[in-house]
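*Asks:* Enclosed is the structure file start_11.txt (compact mmCIF, C-alpha atoms).
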# COMPACT_ATOMS: atom_id res chain seq x y z
CA MET A 1 0.57 -33.64 24.80
CA ASN A 2 -1.16 -36.47 26.64
CA LEU A 3 -2.89 -33.88 28.81
CA LEU A 4 -3.93 -31.96 25.69
CA ASP A 5 -5.33 -35.16 24.20
CA TRP A 6 -7.34 -35.84 27.37
CA LEU A 7 -8.63 -32.25 27.58
CA MET A 8 -9.70 -32.31 23.93
CA LYS A 9 -11.70 -35.49 24.54
CA ILE A 10 -13.36 -33.93 27.57
CA GLY A 11 -14.06 -30.72 25.69
CA SER A 12 -15.50 -32.59 22.71
CA LYS A 13 -18.58 -33.39 24.77
CA ARG A 14 -19.51 -29.69 24.68
CA SER A 15 -17.72 -28.32 21.61
CA ASP A 16 -18.66 -29.37 18.08
CA LYS A 17 -15.26 -28.16 16.84
CA LEU A 18 -13.36 -30.31 19.34
CA LYS A 19 -15.66 -33.22 18.59
CA LEU A 20 -14.65 -33.05 14.92
CA ALA A 21 -10.97 -32.88 15.90
CA VAL A 22 -11.18 -35.88 18.21
CA LYS A 23 -13.28 -38.04 15.88
CA GLY A 24 -11.14 -37.13 12.88
CA ARG A 25 -7.92 -38.13 14.62
CA GLU A 26 -9.35 -41.52 15.53
CA LYS A 27 -9.27 -42.37 11.81
CA THR A 28 -5.86 -40.93 10.90
CA PHE A 29 -3.72 -44.06 11.05
CA GLU A 30 -6.30 -46.27 9.32
CA SER A 31 -6.77 -43.72 6.56
CA ILE A 32 -2.99 -43.58 5.99
CA LYS A 33 -2.81 -47.38 5.77
CA SER A 34 -5.64 -47.42 3.21
CA PHE A 35 -4.00 -44.65 1.21
CA LYS A 36 -0.59 -46.32 1.16
CA GLU A 37 -2.09 -49.56 -0.13
CA VAL A 38 -2.93 -47.81 -3.41
CA GLN A 39 -0.26 -45.09 -3.48
CA SER A 40 3.10 -45.60 -5.11
CA GLY A 41 6.09 -43.40 -5.79
CA LYS A 42 7.79 -40.70 -3.77
CA LEU A 43 5.71 -38.69 -1.32
CA VAL A 44 6.01 -35.11 -0.05
CA TRP A 45 4.17 -34.21 3.15
CA PHE A 46 2.96 -30.67 3.92
CA HIS A 47 1.72 -29.82 7.41
CA VAL A 48 -0.52 -26.80 8.01
CA ALA A 49 -2.30 -25.48 11.06
CA SER A 50 -5.57 -24.51 9.41
CA LEU A 51 -7.10 -23.01 6.28
CA GLY A 52 -4.94 -19.87 6.20
CA GLU A 53 -1.73 -21.85 6.23
CA TYR A 54 -3.11 -24.27 3.63
CA LEU A 55 -3.71 -21.31 1.33
CA GLN A 56 -0.04 -20.40 1.84
CA ALA A 57 0.98 -23.95 1.00
CA LYS A 58 -1.13 -24.26 -2.17
CA PRO A 59 1.13 -22.19 -4.45
CA VAL A 60 4.18 -24.07 -3.16
CA ILE A 61 2.44 -27.39 -3.79
CA ALA A 62 1.62 -26.27 -7.34
CA ALA A 63 5.20 -25.13 -7.97
CA PHE A 64 6.58 -28.37 -6.51
CA LYS A 65 4.27 -30.52 -8.67
CA LYS A 66 5.32 -28.56 -11.73
CA GLU A 67 8.92 -29.59 -11.04
CA GLN A 68 8.15 -33.10 -9.75
CA PRO A 69 4.78 -34.15 -11.26
CA GLU A 70 5.26 -37.82 -10.37
CA TRP A 71 5.45 -37.15 -6.61
CA VAL A 72 2.44 -37.82 -4.38
CA VAL A 73 1.30 -34.96 -2.12
CA ALA A 74 -0.09 -35.46 1.40
CA VAL A 75 -1.39 -32.63 3.59
CA SER A 76 -2.07 -32.78 7.33
CA PHE A 77 -4.12 -30.31 9.36
CA PHE A 78 -4.15 -29.56 13.05
CA SER A 79 -7.37 -27.54 13.16
CA PRO A 80 -10.77 -28.99 12.24
CA SER A 81 -11.91 -25.65 10.81
CA GLY A 82 -9.34 -25.99 8.04
CA TYR A 83 -9.61 -29.73 7.54
CA GLU A 84 -13.40 -29.87 7.38
CA GLN A 85 -13.58 -27.06 4.84
CA VAL A 86 -10.88 -28.45 2.55
CA ILE A 87 -11.94 -32.11 2.65
CA LYS A 88 -15.37 -31.31 1.19
CA LYS A 89 -14.08 -31.12 -2.37
CA LYS A 90 -11.19 -32.47 -4.37
CA GLN A 91 -8.07 -30.36 -4.02
CA ASP A 92 -5.92 -29.78 -7.08
CA GLU A 93 -2.54 -31.54 -6.86
CA VAL A 94 -3.23 -32.96 -3.38
CA ASP A 95 -3.60 -36.73 -3.15
CA PHE A 96 -4.23 -37.27 0.56
CA ILE A 97 -5.53 -35.16 3.46
CA CYS A 98 -5.63 -36.10 7.14
CA TYR A 99 -5.46 -34.77 10.69
CA LEU A 100 -2.07 -34.58 12.37
CA PRO A 101 -2.12 -36.86 15.44
CA ILE A 102 -1.57 -35.29 18.84
CA ASP A 103 2.19 -34.69 19.10
CA THR A 104 3.28 -37.51 21.39
CA SER A 105 6.48 -39.39 20.59
CA LYS A 106 4.55 -42.61 19.95
CA ASN A 107 2.06 -40.92 17.60
CA ALA A 108 4.79 -39.09 15.73
CA HIS A 109 6.90 -42.18 15.02
CA GLN A 110 3.83 -44.16 13.97
CA PHE A 111 2.66 -41.36 11.70
CA ILE A 112 6.05 -40.96 10.00
CA ASP A 113 6.51 -44.73 9.60
CA LEU A 114 3.06 -45.20 8.07
CA LEU A 115 3.12 -42.16 5.78
CA SER A 116 6.81 -42.68 4.93
CA PRO A 117 7.43 -39.25 3.36
CA ASP A 118 10.50 -38.54 1.25
CA MET A 119 10.34 -34.80 1.98
CA VAL A 120 8.53 -32.72 4.63
CA PHE A 121 7.29 -29.12 4.66
CA PHE A 122 5.99 -27.28 7.71
CA ILE A 123 4.14 -24.04 7.03
CA LYS A 124 4.69 -20.76 8.89
CA TYR A 125 4.57 -21.55 12.61
CA ASP A 126 2.74 -24.80 13.43
CA LEU A 127 5.82 -26.69 14.61
CA TRP A 128 5.27 -29.97 16.47
CA ALA A 129 8.49 -31.14 18.09
CA ASN A 130 7.97 -34.91 18.11
CA HIS A 131 6.89 -35.08 14.47
CA ILE A 132 9.80 -32.88 13.40
CA MET A 133 12.34 -34.89 15.38
CA ALA A 134 10.89 -38.19 14.14
CA ALA A 135 11.41 -37.02 10.56
CA LYS A 136 14.88 -35.73 11.37
CA LYS A 137 15.85 -39.03 12.97
CA ARG A 138 14.99 -40.76 9.70
CA LYS A 139 17.08 -38.20 7.76
CA ILE A 140 14.07 -36.99 5.79
CA PRO A 141 14.68 -33.52 4.24
CA LEU A 142 12.81 -30.94 6.33
CA TYR A 143 11.78 -27.45 5.23
CA LEU A 144 10.00 -24.60 6.98
CA ILE A 145 8.34 -22.22 4.53
CA ALA A 146 6.50 -18.88 4.78
CA ALA A 147 7.98 -18.42 8.25
CA SER A 148 7.57 -15.12 10.06
CA PHE A 149 9.35 -14.59 13.38
CA ARG A 150 9.11 -11.94 16.09
CA ALA A 151 11.68 -11.01 18.71
CA GLU A 152 9.29 -11.80 21.58
CA GLN A 153 8.83 -15.43 20.52
CA VAL A 154 10.16 -18.24 22.68
CA TYR A 155 12.79 -19.25 20.09
CA PHE A 156 14.81 -16.14 20.94
CA ALA A 157 14.29 -16.06 24.72
CA TRP A 158 17.04 -17.04 27.17
CA TYR A 159 14.93 -20.04 28.21
CA GLY A 160 14.05 -21.06 24.64
CA GLY A 161 16.96 -23.41 23.96
CA PHE A 162 14.77 -26.43 23.23
CA PHE A 163 12.66 -24.48 20.77
CA LYS A 164 15.66 -22.93 19.04
CA LYS A 165 17.11 -26.43 18.70
CA LEU A 166 13.87 -27.41 16.99
CA LEU A 167 14.58 -24.84 14.28
CA THR A 168 17.99 -26.38 13.67
CA CYS A 169 16.25 -29.60 12.58
CA PHE A 170 15.21 -27.93 9.34
CA ASP A 171 17.49 -28.28 6.36
CA HIS A 172 16.37 -24.88 5.12
CA ILE A 173 14.07 -22.15 6.46
CA PHE A 174 12.27 -19.79 4.07
CA VAL A 175 11.14 -16.54 5.68
CA GLN A 176 8.72 -13.83 4.64
CA ASN A 177 10.74 -10.75 5.58
CA GLU A 178 14.12 -9.27 6.46
CA ALA A 179 13.31 -8.98 10.17
CA SER A 180 12.74 -12.73 10.41
CA MET A 181 16.00 -13.47 8.62
CA GLU A 182 17.95 -11.21 10.98
CA LEU A 183 16.45 -12.88 14.06
CA LEU A 184 17.43 -16.34 12.80
CA GLN A 185 20.92 -15.24 11.84
CA LYS A 186 21.48 -13.72 15.29
CA ALA A 187 20.31 -17.03 16.77
CA GLY A 188 23.05 -18.81 14.82
CA LEU A 189 21.00 -20.44 12.06
CA LYS A 190 22.57 -20.49 8.61
CA SER A 191 20.40 -22.14 5.93
CA ILE A 192 17.90 -19.30 5.51
CA SER A 193 16.38 -17.63 2.46
CA MET A 194 13.97 -14.72 2.22
CA THR A 195 11.43 -15.69 -0.43
CA GLY A 196 8.37 -13.75 0.73
CA ASP A 197 4.81 -14.79 1.48
CA PRO A 198 3.24 -17.36 -0.92
CA ARG A 199 -0.21 -16.10 0.06
CA PHE A 200 0.29 -13.34 -2.50
CA ASP A 201 0.53 -15.98 -5.22
CA ASN A 202 -2.63 -17.68 -3.99
CA VAL A 203 -4.80 -14.56 -3.67
CA TYR A 204 -3.63 -13.27 -7.04
CA LYS A 205 -4.68 -16.53 -8.68
CA THR A 206 -8.10 -16.28 -7.03
CA SER A 207 -8.53 -12.70 -8.23
CA LEU A 208 -7.93 -13.79 -11.82
CA GLN A 209 -10.55 -16.53 -11.67
CA PRO A 210 -13.06 -15.79 -8.89
CA LYS A 211 -16.09 -17.98 -8.43
CA SER A 212 -19.18 -16.78 -10.27
CA PHE A 213 -22.22 -15.68 -8.25
CA PRO A 214 -24.76 -14.40 -10.80
CA GLU A 215 -27.51 -14.40 -8.18
CA ILE A 216 -25.53 -11.83 -6.19
CA ALA A 217 -24.47 -9.77 -9.20
CA GLN A 218 -28.11 -9.50 -10.27
CA GLY A 219 -29.01 -7.60 -7.11
CA ILE A 220 -26.20 -5.04 -7.23
CA THR A 221 -27.46 -1.56 -8.09
CA GLN A 222 -25.08 0.62 -6.04
CA LYS A 223 -21.48 0.65 -4.87
CA VAL A 224 -20.64 -2.34 -2.64
CA MET A 225 -18.54 -2.70 0.49
CA VAL A 226 -17.63 -6.23 1.61
CA LEU A 227 -17.17 -6.84 5.34
CA GLY A 228 -15.11 -10.02 5.56
CA SER A 229 -14.54 -12.33 8.55
CA VAL A 230 -16.13 -9.85 10.94
CA TRP A 231 -16.77 -10.39 14.64
CA GLN A 232 -19.09 -8.59 17.05
CA GLU A 233 -16.30 -6.18 18.02
CA ASP A 234 -16.00 -5.13 14.37
CA MET A 235 -19.73 -4.78 13.85
CA ASP A 236 -20.09 -2.54 16.89
CA ASN A 237 -18.12 0.07 14.90
CA LEU A 238 -19.53 -0.79 11.48
CA ILE A 239 -23.28 -0.91 12.14
CA PRO A 240 -23.55 2.87 12.77
CA PHE A 241 -21.77 3.47 9.45
CA ILE A 242 -24.01 0.96 7.67
CA ASN A 243 -27.17 2.58 9.04
CA GLN A 244 -26.20 5.99 7.67
CA SER A 245 -25.04 4.69 4.26
CA LYS A 246 -28.27 4.47 2.32
CA ASP A 247 -26.47 4.92 -1.02
CA LEU A 248 -24.29 1.81 -0.53
CA GLN A 249 -24.83 -1.95 -0.49
CA PHE A 250 -23.04 -4.22 1.97
CA ILE A 251 -22.05 -7.87 1.79
CA ILE A 252 -21.33 -9.12 5.31
CA ALA A 253 -19.45 -12.40 5.84
CA PRO A 254 -19.25 -13.27 9.56
CA HIS A 255 -16.18 -15.19 10.67
CA ASP A 256 -18.35 -17.39 12.86
CA ILE A 257 -21.60 -18.52 11.23
CA ASN A 258 -23.87 -18.22 14.26
CA ALA A 259 -27.61 -17.85 13.63
CA GLY A 260 -28.19 -15.95 16.87
CA VAL A 261 -25.42 -13.44 16.19
CA ILE A 262 -26.62 -12.88 12.62
CA GLU A 263 -30.16 -12.31 13.86
CA ASN A 264 -28.93 -9.70 16.34
CA TRP A 265 -27.00 -7.90 13.59
CA GLN A 266 -30.10 -7.84 11.39
CA LYS A 267 -32.10 -6.29 14.22
CA ALA A 268 -29.46 -3.61 14.81
CA ILE A 269 -29.19 -2.71 11.10
CA THR A 270 -32.01 -0.40 10.07
CA LEU A 271 -31.70 -1.10 6.33
CA PRO A 272 -33.36 -4.18 4.78
CA SER A 273 -31.17 -7.29 5.00
CA ILE A 274 -31.31 -10.81 3.64
CA LYS A 275 -29.27 -13.96 4.25
CA TYR A 276 -27.67 -15.72 1.31
CA SER A 277 -29.47 -18.95 2.27
CA GLU A 278 -32.78 -17.15 1.64
CA PHE A 279 -32.04 -16.55 -2.03
CA GLY A 280 -34.77 -18.25 -4.01
CA LYS A 281 -36.91 -18.77 -0.90
CA VAL A 282 -38.37 -15.29 -0.38
CA GLU A 283 -39.88 -12.77 -2.76
CA GLN A 284 -37.55 -10.12 -4.19
CA ALA A 285 -34.54 -12.02 -2.84
CA THR A 286 -32.33 -10.57 -5.54
CA ALA A 287 -33.03 -6.98 -4.43
CA TRP A 288 -31.04 -6.26 -1.29
CA ASN A 289 -29.33 -3.51 0.66
CA ILE A 290 -27.55 -5.80 3.10
CA LEU A 291 -26.57 -9.34 2.12
CA ILE A 292 -25.33 -11.61 4.92
CA ILE A 293 -23.33 -14.66 3.85
CA ASP A 294 -24.40 -17.49 6.17
CA ASN A 295 -22.11 -20.20 4.80
CA ILE A 296 -18.39 -20.68 4.26
CA GLY A 297 -16.17 -20.90 1.21
CA MET A 298 -17.42 -17.83 -0.69
CA LEU A 299 -15.57 -14.88 0.80
CA SER A 300 -12.35 -14.92 -1.22
CA SER A 301 -14.35 -14.44 -4.44
CA LEU A 302 -16.87 -11.91 -3.09
CA TYR A 303 -14.34 -9.09 -3.31
CA GLN A 304 -14.93 -9.03 -7.07
CA PHE A 305 -18.10 -7.06 -6.28
CA ALA A 306 -16.47 -4.65 -3.83
CA ARG A 307 -15.29 -1.08 -4.15
CA TRP A 308 -13.95 -1.21 -0.57
CA ALA A 309 -13.44 -3.95 2.01
CA TYR A 310 -13.23 -4.19 5.77
CA ILE A 311 -11.49 -7.23 7.27
CA GLY A 312 -12.31 -8.28 10.82
CA GLY A 313 -10.43 -9.75 13.73
CA ALA A 314 -7.93 -7.04 14.65
CA MET A 315 -10.19 -5.71 17.42
CA ASP A 316 -9.64 -8.88 19.42
CA LYS A 317 -9.10 -12.31 17.80
CA GLY A 318 -6.33 -11.47 15.35
CA LEU A 319 -6.54 -9.88 11.90
CA HIS A 320 -7.84 -12.12 9.14
CA ASN A 321 -6.74 -12.19 5.50
CA ILE A 322 -6.36 -8.68 4.06
CA LEU A 323 -4.45 -9.92 1.02
CA GLU A 324 -7.60 -11.34 -0.60
CA PRO A 325 -9.27 -7.94 -1.15
CA LEU A 326 -5.95 -6.26 -1.97
CA ALA A 327 -5.49 -8.79 -4.79
CA PHE A 328 -8.66 -7.37 -6.37
CA GLY A 329 -7.04 -3.94 -6.31
CA ILE A 330 -9.27 -2.32 -3.68
CA PRO A 331 -8.44 -0.51 -0.43
CA VAL A 332 -9.01 -2.36 2.83
CA LEU A 333 -9.95 -1.19 6.32
CA PHE A 334 -9.34 -3.11 9.56
CA GLY A 335 -9.32 -2.55 13.30
CA PRO A 336 -6.37 -1.19 15.30
CA LEU A 337 -3.43 -3.58 15.38
CA LYS A 338 -2.49 -4.63 18.89
CA ARG A 339 0.38 -6.76 17.59
CA VAL A 340 1.74 -5.19 14.40
CA SER A 341 4.69 -7.59 14.25
CA LYS A 342 2.33 -10.57 14.02
CA PHE A 343 0.64 -9.15 10.91
CA PRO A 344 3.42 -7.54 8.85
CA GLU A 345 1.23 -7.41 5.75
CA ALA A 346 -1.11 -4.99 7.54
CA ASP A 347 1.70 -2.61 8.44
CA ILE A 348 3.04 -2.81 4.87
CA SER A 349 -0.41 -2.05 3.47
CA ILE A 350 -0.69 1.04 5.69
CA GLN A 351 2.73 2.28 4.57
CA SER A 352 1.82 1.59 0.94
CA GLY A 353 -1.41 3.59 1.17
CA CYS A 354 -3.93 0.82 0.57
CA GLY A 355 -4.56 -0.32 4.16
CA PHE A 356 -6.33 1.75 6.82
CA ALA A 357 -6.55 0.98 10.53
CA VAL A 358 -9.70 2.34 12.20
CA LYS A 359 -10.30 2.18 15.95
CA ASP A 360 -13.93 3.31 16.19
CA GLU A 361 -17.03 4.25 14.20
CA ARG A 362 -15.84 7.84 13.82
CA GLU A 363 -12.64 6.74 12.10
CA VAL A 364 -14.59 4.34 9.87
CA ILE A 365 -16.68 7.27 8.65
CA THR A 366 -13.63 9.53 8.24
CA VAL A 367 -11.65 6.99 6.18
CA MET A 368 -14.64 6.06 4.04
CA ASP A 369 -15.32 9.74 3.32
CA LYS A 370 -11.72 10.05 2.15
CA LEU A 371 -11.90 6.89 0.04
CA SER A 372 -15.11 8.12 -1.58
CA GLN A 373 -13.13 10.89 -3.24
CA SER A 374 -12.12 9.85 -6.74
CA ALA A 375 -8.43 10.82 -6.56
CA ASP A 376 -7.86 9.27 -3.11
CA TYR A 377 -9.68 6.10 -4.11
CA GLU A 378 -7.73 5.62 -7.33
CA GLU A 379 -4.44 6.21 -5.51
CA ALA A 380 -5.33 3.55 -2.91
CA CYS A 381 -6.37 1.07 -5.62
CA LEU A 382 -3.08 1.57 -7.49
CA ALA A 383 -1.17 1.05 -4.23
CA ALA A 384 -3.04 -2.24 -3.64
CA LYS A 385 -2.23 -3.52 -7.12
CA ASN A 386 1.42 -2.54 -6.80
CA LEU A 387 1.74 -4.17 -3.37
CA VAL A 388 0.44 -7.50 -4.63
CA ASN A 389 2.38 -7.44 -7.91
CA ASP A 390 5.63 -6.60 -6.11
CA ASN A 391 5.27 -9.67 -3.88
CA LEU A 392 4.40 -12.35 -6.43
CA GLY A 393 6.65 -15.34 -7.09
CA SER A 394 7.37 -16.53 -3.54
CA ALA A 395 6.37 -20.13 -4.26
CA GLU A 396 8.51 -20.39 -7.37
CA ARG A 397 11.54 -18.89 -5.59
CA THR A 398 11.15 -21.33 -2.70
CA VAL A 399 10.87 -24.42 -4.87
CA GLU A 400 13.71 -23.27 -7.12
CA ILE A 401 16.10 -23.20 -4.16
CA ILE A 402 14.91 -26.62 -2.96
CA MET A 403 15.32 -28.13 -6.41
CA LYS A 404 18.84 -26.74 -6.66
CA ASP A 405 19.88 -27.92 -3.20
CA THR A 406 18.26 -31.34 -3.40
CA TRP A 407 18.62 -32.52 -6.98
CA LYS A 408 20.80 -30.37 -9.18
CA GLU A 409 23.86 -30.81 -7.00
CA GLU A 410 23.51 -34.60 -7.01
Kindly return the structure encoded in the file as structure tokens.

*Replies:*
Amino acid sequence: MNLLDWLMKIGSKRSDKLKLAVKGREKTFESIKSFKEVQSGKLVWFHVASLGEYLQAKPVIAAFKKEQPEWVVAVSFFSPSGYEQVIKKKQDEVDFICYLPIDTSKNAHQFIDLLSPDMVFFIKYDLWANHIMAAKKRKIPLYLIAASFRAEQVYFAWYGGFFKKLLTCFDHIFVQNEASMELLQKAGLKSISMTGDPRFDNVYKTSLQPKSFPEIAQGITQKVMVLGSVWQEDMDNLIPFINQSKDLQFIIAPHDINAGVIENWQKAITLPSIKYSEFGKVEQATAWNILIIDNIGMLSSLYQFARWAYIGGAMDKGLHNILEPLAFGIPVLFGPLKRVSKFPEADISIQSGCGFAVKDEREVITVMDKLSQSADYEEACLAAKNLVNDNLGSAERTVEIIMKDTWKEE
């Protein structure tokens, strides 16, 4: 951890992302002290890796606050990409947000002593040993929620004793699926419940009340396909399809907002394109064939305009959030899954008939031809709606068990 700290400081001289992480952590302890001077009452601490895990935590936070409205909620982030996006505006039911210090024993004990939480939640997989053990040493109730395990992970390897012991620190582990529960049970853990993935609750809520973008809606004259969180590897397969689809409109949201990359995509796309930042700055900005979103924070609501969606990342980086478009009841395409077990929701969507893995431009065209047929499209949309509806309620189930174990037996 000390080496990681040193490397991050060295890397921050060349990386804006690392610079944010280093500078942000310099203020963590002072910000906690300032917060605690004005905060009173019991405090629950949620730790998340980045934005995706925060979106998993949000429904649980809401369900917890419904049961315990007087409690104060603190959220820590490891990644600057999540922290910097969330900190920009007030978060419902969250009272304090900070970076998690680098996981040294000294930092962990100082963090726990200053924040003084009465209950701790870790989300999914971002497990930092010193912070967990510091909380355990103080007999603070510890919960791991939305966990998803795979057989190849270190917890279940012959040399993974330390990491398996880390799991035993939790008073209760809430998993997303049956496979995860079986792995933990075989490893000898007992306090486990399968409550599903709270992301379904979050995306469903967004689909009911998406942000309004009248400036985008005004320019829609044809059927729309949204390409969300796409990388170059995705666009290599999608651009040929875009160039032949003159009867469609496309909204493209890059995962990485890079001006040079966006410019190259615009050059490769033969149809007229415009960046969202140009709305109001150029003539006929509301009339577009290709709209490129060159900011962050919009994507989850853009699927309201879509008839189909493609979600990027599976070609290389790791599949991004396919549940957001599924919550709007539309079929979703994505690249071939190299690690199916890491993205169980993708495999489930394929089996349900609303998710489609495509490995090249030919398969993109083939699947889109199929999904352009009325009967096939309606069947895929119904499958998407059923998949989301069948998985709602994870947050409430999780908090219900915690309330029963922690309070109702006292």

*Asks:* Env of Leu18 of chain A: 10 Å cut, atoms = only C-alpha atoms, seq-sep filter 6 positions within chain, self excluded. Answer as a PyMOL selection string.

*Replies:* chain A and resi 7-12+24+79-81

*Asks:* Pick out the closest residue to Pro254 of chain A from this set: A:Glu215, A:Glu84, A:Asp294, A:Glu233. Count all atoms listed in the file.

*Replies:*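 Looking at the shortest contact to Pro254 of chain A, the residue is A:Asp294.
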
*Asks:* Counting only C-alpha atoms, figure out which residue out of A:Val175, A:Leu189, A:Met1, A:Ile132 gets nearest to Ala147 of chain A.

*Replies:*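 Checking each of A:Val175, A:Leu189, A:Met1, A:Ile132 against Ala147 of chain A, counting only C-alpha atoms, the winner is A:Val175.
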
*Asks:* Could you jot down the atom CA of Ser300 of chain A to atom CA of Thr28 of chain A separation for me, Å, one decimal place?

*Replies:*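 Taking atom CA of Ser300 of chain A and atom CA of Thr28 of chain A, their separation equals 29.4 Å.
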
*Asks:* Give me the residues within 9 Å of Asp201 of chain A as a CSV table (one decimal) with C-alpha atoms, in the frame of the given file, counting only C-alpha atoms and dropping any in the same chain fewer than 5 places off.

*Replies:*
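Final output, saved to part-v6.csv:
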chain,number,residue,atom,x,y,z
A,56,GLN,CA,0.0,-20.4,1.8
A,58,LYS,CA,-1.1,-24.3,-2.2
A,59,PRO,CA,1.1,-22.2,-4.4
A,206,THR,CA,-8.1,-16.3,-7.0
A,388,VAL,CA,0.4,-7.5,-4.6
A,391,ASN,CA,5.3,-9.7,-3.9
A,392,LEU,CA,4.4,-12.4,-6.4
A,393,GLY,CA,6.6,-15.3,-7.1
A,394,SER,CA,7.4,-16.5,-3.5
A,395,ALA,CA,6.4,-20.1,-4.3

*Asks:* Let me make sure I understand: among A:Leu43, A:Ala384, A:Ile348, A:Val75, which one has the smallest atom-to-atom distance to Pro141 of chain A if we use all atoms listed in the file?

*Replies:*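 The closest residue to Pro141 of chain A is A:Leu43.
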
*Asks:* In Å, rounded to a single decimal, give me how far atom CA of Ser180 of chain A is from atom CA of Tyr159 of chain A.

*Replies:*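 Separation of atom CA of Tyr159 of chain A and atom CA of Ser180 of chain A: 19.4 Å.
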
*Asks:* Between A:Trp231, A:Phe149, A:Phe356, A:Phe96, which is the closest to His320 of chain A once you count all atoms listed in the file?

*Replies:*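 Checking each candidate against His320 of chain A, we get A:Trp231 as the closest.
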
*Asks:* Work out how far atom CA of Asn243 of chain A is from atom CA of Lys267 of chain A, in Å to one decimal.

*Replies:*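 For atom CA of Lys267 of chain A relative to atom CA of Asn243 of chain A, the distance reads 11.4 Å.
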
*Asks:* For Ser31 of chain A, which residue among A:Ile97, A:Gly161, A:Asn389, A:Ile252 is the nearest when counting all atoms listed in the file?

*Replies:*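 Smallest distance to Ser31 of chain A is found for A:Ile97.
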